[in-house]
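Undergrad: My structure is below; once you've seen it, I'll send some questions.
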Amino acid sequence: MTWFDTYTHRAYAEAVMVGLLAGVVGVQVVLRRLAFHAMATTHATFPGVVLASILGIDIYLGGTAFGVLFSIAVLALTRRPGRTASGAIGVVLAAGFALGAVLVAAGPASDRKLSAFLVGSIVTIDTHDLAVTAAVGTVILALLAVFGRELGFAAFDHDGMRAAGHPALALDLLLLLIVQAVVVVLTPAVGVMLTLALLVAPAATARLWTDSLRRTGVVAGLLGAGSAVTGLELSRHYDVAAGATIALVAAAGFVVSLLVSPRHGALGRLLDRRPGTATAPA
Amino acid sequence: MTEPAPDPIRFTDATMAYHRAPVLEGVDGRVRAGEAVALIGPNGGGKTTLIKAVLGLVPVIAGTVTVAGRRPAEARARVGYVPQAASLDPEFPVTARQVVMMGRLRLIGRWRRPGRQDRAAVDEALDRVGLADRAGARFGTLSGGQRQRVLLARALSPDPPILLLDEPFNGVDAVSQDALITALTRAKSTGTAVLVSTHDLAPVPCLCEQTCLVNRRQIAFGPTELALTPDLLRACYGGHVVDLDAGRLVVTRG
């Protein structure tokens, strides 16, 4: 017997890890305005996951294969994430979802399995999933530790980063692949449709509460883990879907912060309506 | 005998293009060490294209552009680039000091944390633009002119021999304009070559030895007193009236 033999323990361990990982990586997604790209990534991943399931191979491999192809295609189209290819990205988004739906209908997968792909099934996480999340998460955090300053430079001033001689194309590809990896790792727990909530909401919330890039990453990671654990707890208490509850908790955190956060909150805005000015810390 | 050092920037009948369509043609001239060249012309006339060509971000399809004797894309480490402050997100969570530190990233590398030398270089660069006391302020809380000065400090922090500035005087108050000119003059005095695009002609005579007028092609490239004339400006701005206002040149919409 180990601690991980209990499915609730596995679910909580997975929730902490995916929340932390999505929160930290989400800061890059939010600052680079890649939310739409991340959404398309989830939809491009979907058919890969379904196909892998039908073929009986590891769904992480199937999702990764489709997602990597998608990331490279987007980069080839734009040479710059978040810019000008939104039409093409939109087409891929819809086509990816459609392909996944067709594969589900054609394959032996049940409605129950479709729902697991779409909104996740954190209570059926096994130790293989936990190991994958831990390993991929460690690699991604290490990559961010090494390349984070350059990625921050790119998010702030992409032209300036290129002009300074940093390898822009390689860094852009690295970021897209990191986002892709997070989407694939999150899929078993929260599903392809809901990974976006954990990727974007904690980071966007953290942005409202802090003005430092480093703190934004820390706060987003904590908020992500907190949202995932809280959502899981609520879903068990009220016996509702875990993935959806986690996404709702993350979204609720953002909405509440929009209203009450000190510097960016709607209440603060009412008190200080000068455009373009922010209240400086004393 | 040693070979004379190559010009910091040299244009030889250069044509720059986006997607093979020429945007700016026939640029011919040089930016010398310790000198500044003003880049003047209407919007869409090719000023930004010229700067991006020097950075190796826009292809040169005819003639050549060399930076310190090399192809532009191979010389980026020698060039400090100052973008327009207005093009950057004022909500970005970053302090003035952190923005300037971005200029040191190439020197710091990926495996080292910023050291004492880097912090000293950042402090000195902020001091050179007169913002040493605002180092801890969030970038977005600074005025437009102060943000522009922070970006100049970022370009100065690795101490490059060449500076490129894209419209640094746009929407900048008098205090910040003076601070920018002071910092650029000092950089020139230590041998830095400066290429600066501007709509505001006022700072040009005191700052720039040469002026380059462009409007989809080069109109003039030479000593400022010869290039900054009403006739050439009129040719450059396509017939819009140029007033000589108490020694100041003003381009108006006619």
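By order in the structure tokens, chains are A, B, ...; within a chain, residues start at 1; ligands start at 1, following the order shown.
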I need the helix (DSSP H, G or I) residues of range 57-190 of chain A per DSSP on the backbone, written as a PyMOL selection string.

TA: chain A and resi 59-78+86-106+111-119+122-124+127-156+158-163+168-190

Undergrad: Only C-alpha atoms, please: the residues just picked out, written as a tab-separated table (two decimals), in the first residue's frame.

TA:
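Result written to again-v6.tsv:
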```tsv
chain	number	residue	atom	x	y	z
A	59	ILE	CA	-3.00	9.34	-25.58
A	60	TYR	CA	-0.15	11.65	-24.55
A	61	LEU	CA	1.71	10.60	-27.70
A	62	GLY	CA	-1.32	11.16	-29.94
A	63	GLY	CA	-2.10	14.56	-28.44
A	64	THR	CA	1.52	15.64	-28.61
A	65	ALA	CA	1.93	14.59	-32.25
A	66	PHE	CA	-1.10	16.59	-33.37
A	67	GLY	CA	-0.26	19.53	-31.17
A	68	VAL	CA	3.37	19.80	-32.29
A	69	LEU	CA	2.31	19.72	-35.95
A	70	PHE	CA	-0.19	22.48	-35.17
A	71	SER	CA	2.38	24.65	-33.34
A	72	ILE	CA	4.87	24.38	-36.19
A	73	ALA	CA	2.15	25.15	-38.74
A	74	VAL	CA	1.11	28.28	-36.84
A	75	LEU	CA	4.69	29.46	-36.53
A	76	ALA	CA	5.27	28.88	-40.24
A	77	LEU	CA	2.15	30.92	-41.01
A	78	THR	CA	2.93	33.81	-38.70
A	86	SER	CA	-6.12	34.31	-36.42
A	87	GLY	CA	-8.14	33.35	-39.48
A	88	ALA	CA	-6.05	30.26	-40.12
A	89	ILE	CA	-5.97	29.44	-36.41
A	90	GLY	CA	-9.75	29.71	-36.29
A	91	VAL	CA	-10.11	27.27	-39.17
A	92	VAL	CA	-7.74	24.80	-37.50
A	93	LEU	CA	-9.66	25.19	-34.23
A	94	ALA	CA	-12.97	24.26	-35.83
A	95	ALA	CA	-11.49	21.57	-38.06
A	96	GLY	CA	-9.61	19.99	-35.15
A	97	PHE	CA	-12.73	19.74	-33.06
A	98	ALA	CA	-14.74	18.39	-36.01
A	99	LEU	CA	-12.09	15.76	-36.77
A	100	GLY	CA	-12.10	14.70	-33.14
A	101	ALA	CA	-15.90	14.43	-33.13
A	102	VAL	CA	-15.87	12.36	-36.34
A	103	LEU	CA	-13.24	10.03	-34.88
A	104	VAL	CA	-15.25	9.60	-31.70
A	105	ALA	CA	-18.34	8.74	-33.75
A	106	ALA	CA	-16.41	6.34	-35.98
A	111	ASP	CA	-20.20	8.95	-24.83
A	112	ARG	CA	-18.61	8.51	-21.46
A	113	LYS	CA	-15.18	8.39	-23.06
A	114	LEU	CA	-15.94	11.45	-25.20
A	115	SER	CA	-16.88	13.36	-22.08
A	116	ALA	CA	-13.59	12.27	-20.47
A	117	PHE	CA	-11.67	13.71	-23.43
A	118	LEU	CA	-13.63	16.94	-23.40
A	119	VAL	CA	-13.96	17.78	-19.72
A	122	ILE	CA	-9.50	13.61	-12.60
A	123	VAL	CA	-10.80	10.84	-10.32
A	124	THR	CA	-9.59	8.18	-12.79
A	127	THR	CA	0.05	6.64	-11.39
A	128	HIS	CA	1.20	6.73	-15.02
A	129	ASP	CA	-0.64	10.05	-15.44
A	130	LEU	CA	0.89	11.37	-12.23
A	131	ALA	CA	4.37	10.40	-13.37
A	132	VAL	CA	3.89	12.06	-16.76
A	133	THR	CA	2.59	15.26	-15.14
A	134	ALA	CA	5.47	15.36	-12.66
A	135	ALA	CA	8.12	14.71	-15.30
A	136	VAL	CA	6.79	17.11	-17.93
A	137	GLY	CA	6.09	19.73	-15.28
A	138	THR	CA	9.65	19.52	-13.96
A	139	VAL	CA	11.11	19.87	-17.45
A	140	ILE	CA	8.88	22.87	-18.26
A	141	LEU	CA	9.69	24.67	-15.01
A	142	ALA	CA	13.39	24.07	-15.67
A	143	LEU	CA	13.04	25.47	-19.20
A	144	LEU	CA	11.27	28.53	-17.82
A	145	ALA	CA	14.05	29.00	-15.28
A	146	VAL	CA	16.61	29.05	-18.10
A	147	PHE	CA	14.68	30.88	-20.83
A	148	GLY	CA	12.19	32.84	-18.72
A	149	ARG	CA	14.04	36.17	-18.91
A	150	GLU	CA	14.26	36.00	-22.68
A	151	LEU	CA	10.61	34.97	-22.94
A	152	GLY	CA	9.74	37.92	-20.70
A	153	PHE	CA	11.72	40.23	-22.99
A	154	ALA	CA	9.87	38.75	-25.98
A	155	ALA	CA	6.49	39.28	-24.33
A	156	PHE	CA	7.30	42.90	-23.53
A	158	HIS	CA	9.28	41.21	-29.44
A	159	ASP	CA	10.97	43.46	-32.01
A	160	GLY	CA	13.42	44.68	-29.39
A	161	MET	CA	14.24	41.11	-28.42
A	162	ARG	CA	14.91	40.18	-32.07
A	163	ALA	CA	16.92	43.36	-32.60
A	168	ALA	CA	13.38	34.83	-31.76
A	169	LEU	CA	12.11	31.97	-33.89
A	170	ALA	CA	13.52	29.30	-31.59
A	171	LEU	CA	12.13	31.05	-28.50
A	172	ASP	CA	8.70	31.43	-30.10
A	173	LEU	CA	8.68	27.74	-31.01
A	174	LEU	CA	9.82	26.82	-27.50
A	175	LEU	CA	6.93	28.76	-25.99
A	176	LEU	CA	4.34	27.21	-28.33
A	177	LEU	CA	5.67	23.73	-27.56
A	178	ILE	CA	5.55	24.42	-23.82
A	179	VAL	CA	1.91	25.53	-24.14
A	180	GLN	CA	1.25	22.42	-26.21
A	181	ALA	CA	2.85	20.18	-23.62
A	182	VAL	CA	0.79	21.72	-20.83
A	183	VAL	CA	-2.43	21.21	-22.82
A	184	VAL	CA	-1.61	17.54	-23.39
A	185	VAL	CA	-0.64	16.96	-19.78
A	186	LEU	CA	-3.81	18.62	-18.50
A	187	THR	CA	-6.15	16.75	-20.84
A	188	PRO	CA	-6.72	13.58	-18.76
A	189	ALA	CA	-7.45	15.66	-15.66
A	190	VAL	CA	-9.59	18.52	-16.97
```

Undergrad: If you take only C-alpha atoms and a cut-off of 6 Å, which residues of chain B touch chain A, and what are their nearest atom pairs and distances in Å to one decimal, in chain and number order, as JSON lines?

TA:
```
{"residue": "B:Leu55", "atom": "CA", "partner": "A:Ala163", "partner_atom": "CA", "distance": 5.9}
{"residue": "B:Arg76", "atom": "CA", "partner": "A:Gly165", "partner_atom": "CA", "distance": 5.3}
{"residue": "B:Pro93", "atom": "CA", "partner": "A:Asp211", "partner_atom": "CA", "distance": 4.5}
{"residue": "B:Val94", "atom": "CA", "partner": "A:Ser212", "partner_atom": "CA", "distance": 5.7}
{"residue": "B:Arg110", "atom": "CA", "partner": "A:Val146", "partner_atom": "CA", "distance": 5.7}
```

Undergrad: Looking at only C-alpha atoms, which of A:Pro167, A:Gly120, A:Gly221, A:Gly253 is the one that sits closest to Gly19 in chain A?

TA: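 Checking each candidate against Gly19 in chain A, we get A:Gly221 as the closest.
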
Undergrad: Could you please determine the separation between CA of Leu226 in chain B and CA of Asn43 in chain B in Å, to one decimal place?

TA: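 Computing it gives 22.4 Å between the two atoms.
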
Undergrad: Find the residues around Gly171 in chain B up to 12 Å (only C-alpha atoms counted), leave out those fewer than 5 positions away in its own chain, and share them as a ChimeraX atom specification.

TA: /B:84-86,143-148,176-177,198-200

Undergrad: Would you save the residues of that selection, restricted to N, CA and C atoms, as a PDB file, in the first residue's frame?

TA:
```pdb
ATOM      1  N   GLN B  84       9.784  52.826 -30.358  1.00  0.00           N
ATOM      2  CA  GLN B  84       8.900  53.875 -29.843  1.00  0.00           C
ATOM      3  C   GLN B  84       8.246  53.377 -28.567  1.00  0.00           C
ATOM      4  N   ALA B  85       8.324  54.190 -27.517  1.00  0.00           N
ATOM      5  CA  ALA B  85       7.751  53.785 -26.236  1.00  0.00           C
ATOM      6  C   ALA B  85       6.262  53.500 -26.378  1.00  0.00           C
ATOM      7  N   ALA B  86       5.587  54.258 -27.257  1.00  0.00           N
ATOM      8  CA  ALA B  86       4.136  54.101 -27.389  1.00  0.00           C
ATOM      9  C   ALA B  86       3.756  52.741 -27.960  1.00  0.00           C
ATOM     10  N   SER B 143       5.941  58.726 -17.450  1.00  0.00           N
ATOM     11  CA  SER B 143       5.402  59.508 -18.566  1.00  0.00           C
ATOM     12  C   SER B 143       5.950  58.955 -19.880  1.00  0.00           C
ATOM     13  N   GLY B 144       5.318  59.349 -20.992  1.00  0.00           N
ATOM     14  CA  GLY B 144       5.770  58.869 -22.302  1.00  0.00           C
ATOM     15  C   GLY B 144       7.232  59.190 -22.539  1.00  0.00           C
ATOM     16  N   GLY B 145       7.646  60.405 -22.167  1.00  0.00           N
ATOM     17  CA  GLY B 145       9.035  60.798 -22.360  1.00  0.00           C
ATOM     18  C   GLY B 145       9.982  59.991 -21.485  1.00  0.00           C
ATOM     19  N   GLN B 146       9.541  59.727 -20.251  1.00  0.00           N
ATOM     20  CA  GLN B 146      10.392  58.933 -19.351  1.00  0.00           C
ATOM     21  C   GLN B 146      10.517  57.499 -19.855  1.00  0.00           C
ATOM     22  N   ARG B 147       9.419  56.945 -20.396  1.00  0.00           N
ATOM     23  CA  ARG B 147       9.489  55.588 -20.952  1.00  0.00           C
ATOM     24  C   ARG B 147      10.493  55.550 -22.106  1.00  0.00           C
ATOM     25  N   GLN B 148      10.464  56.603 -22.934  1.00  0.00           N
ATOM     26  CA  GLN B 148      11.398  56.671 -24.051  1.00  0.00           C
ATOM     27  C   GLN B 148      12.836  56.701 -23.541  1.00  0.00           C
ATOM     28  N   SER B 176      12.139  65.660 -21.155  1.00  0.00           N
ATOM     29  CA  SER B 176      12.625  64.375 -21.641  1.00  0.00           C
ATOM     30  C   SER B 176      13.392  64.536 -22.948  1.00  0.00           C
ATOM     31  N   GLN B 177      12.942  65.463 -23.814  1.00  0.00           N
ATOM     32  CA  GLN B 177      13.669  65.695 -25.065  1.00  0.00           C
ATOM     33  C   GLN B 177      15.099  66.152 -24.762  1.00  0.00           C
ATOM     34  N   THR B 198      13.021  61.020 -37.013  1.00  0.00           N
ATOM     35  CA  THR B 198      12.273  62.032 -36.255  1.00  0.00           C
ATOM     36  C   THR B 198      11.339  62.819 -37.164  1.00  0.00           C
ATOM     37  N   HIS B 199      10.210  63.199 -36.603  1.00  0.00           N
ATOM     38  CA  HIS B 199       9.307  64.145 -37.252  1.00  0.00           C
ATOM     39  C   HIS B 199       9.628  65.562 -36.811  1.00  0.00           C
ATOM     40  N   ASP B 200      10.168  65.660 -35.601  1.00  0.00           N
ATOM     41  CA  ASP B 200      10.460  66.958 -35.008  1.00  0.00           C
ATOM     42  C   ASP B 200      11.834  67.405 -35.518  1.00  0.00           C
TER      43      ASP B 200
END
```

Undergrad: Skip range 116-126 of chain B itself and residues of its chain fewer than 6 positions away, then list as a VMD selection string all residues within 9 Å of it, counting only C-alpha atoms.

TA: chain B and resid 96 to 98 100 to 101 103 to 104 107 to 108 132 to 135 149 to 150 152 to 159

Undergrad: Please extract the residues of range 7-208 of chain B with a backbone DSSP assignment of strand (DSSP E) and present them as a ChimeraX atom specification.

TA: /B:9-18,21-31,36-40,60-67,79-82,162-165,193-197

Undergrad: Give me the residues near Val240 in chain A as an mmCIF file with N, CA and C atoms, in the first residue's frame, where near means some atom within 12 Å (using only C-alpha atoms) and where sequence neighbours in that chain fewer than 6 positions away do not count.

TA:
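Final file, part08.cif:
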```
data_model
loop_
_atom_site.group_PDB
_atom_site.id
_atom_site.type_symbol
_atom_site.label_atom_id
_atom_site.label_comp_id
_atom_site.auth_asym_id
_atom_site.auth_seq_id
_atom_site.Cartn_x
_atom_site.Cartn_y
_atom_site.Cartn_z
ATOM 1 N N SER A 121 -11.335 13.709 -16.427
ATOM 2 C CA SER A 121 -11.829 12.762 -15.433
ATOM 3 C C SER A 121 -10.736 12.593 -14.395
ATOM 4 N N VAL A 123 -10.734 11.923 -11.312
ATOM 5 C CA VAL A 123 -10.796 10.838 -10.322
ATOM 6 C C VAL A 123 -10.301 9.512 -10.886
ATOM 7 N N GLY A 231 -11.725 23.331 -6.552
ATOM 8 C CA GLY A 231 -12.722 22.799 -7.477
ATOM 9 C C GLY A 231 -12.958 21.316 -7.245
ATOM 10 N N LEU A 232 -11.875 20.580 -7.020
ATOM 11 C CA LEU A 232 -11.993 19.144 -6.769
ATOM 12 C C LEU A 232 -12.774 18.885 -5.475
ATOM 13 N N GLU A 233 -12.440 19.670 -4.471
ATOM 14 C CA GLU A 233 -13.111 19.546 -3.170
ATOM 15 C C GLU A 233 -14.615 19.801 -3.313
ATOM 16 N N LEU A 234 -14.952 20.904 -3.997
ATOM 17 C CA LEU A 234 -16.367 21.254 -4.187
ATOM 18 C C LEU A 234 -17.085 20.180 -4.998
ATOM 19 N N ILE A 246 -13.543 22.848 -11.391
ATOM 20 C CA ILE A 246 -12.218 23.481 -11.307
ATOM 21 C C ILE A 246 -12.173 24.717 -12.210
ATOM 22 N N LEU A 248 -14.667 26.502 -13.267
ATOM 23 C CA LEU A 248 -15.554 27.548 -12.739
ATOM 24 C C LEU A 248 -14.912 28.276 -11.561
#
```

Undergrad: As a PyMOL selection string, please: the residues near range 20-31 of chain B (cut-off 9 Å, only C-alpha atoms, same-chain neighbours under 3 positions excluded).

TA: chain B and resi 7-17+34-37+44-47+49-50+59+61-63+193-195+210+212+214-222

Undergrad: If I take CA of Leu88 in chain B and CA of Ile181 in chain B, how far is one from the other in Å, to one decimal?

TA: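 So the answer is 21.7 Å.
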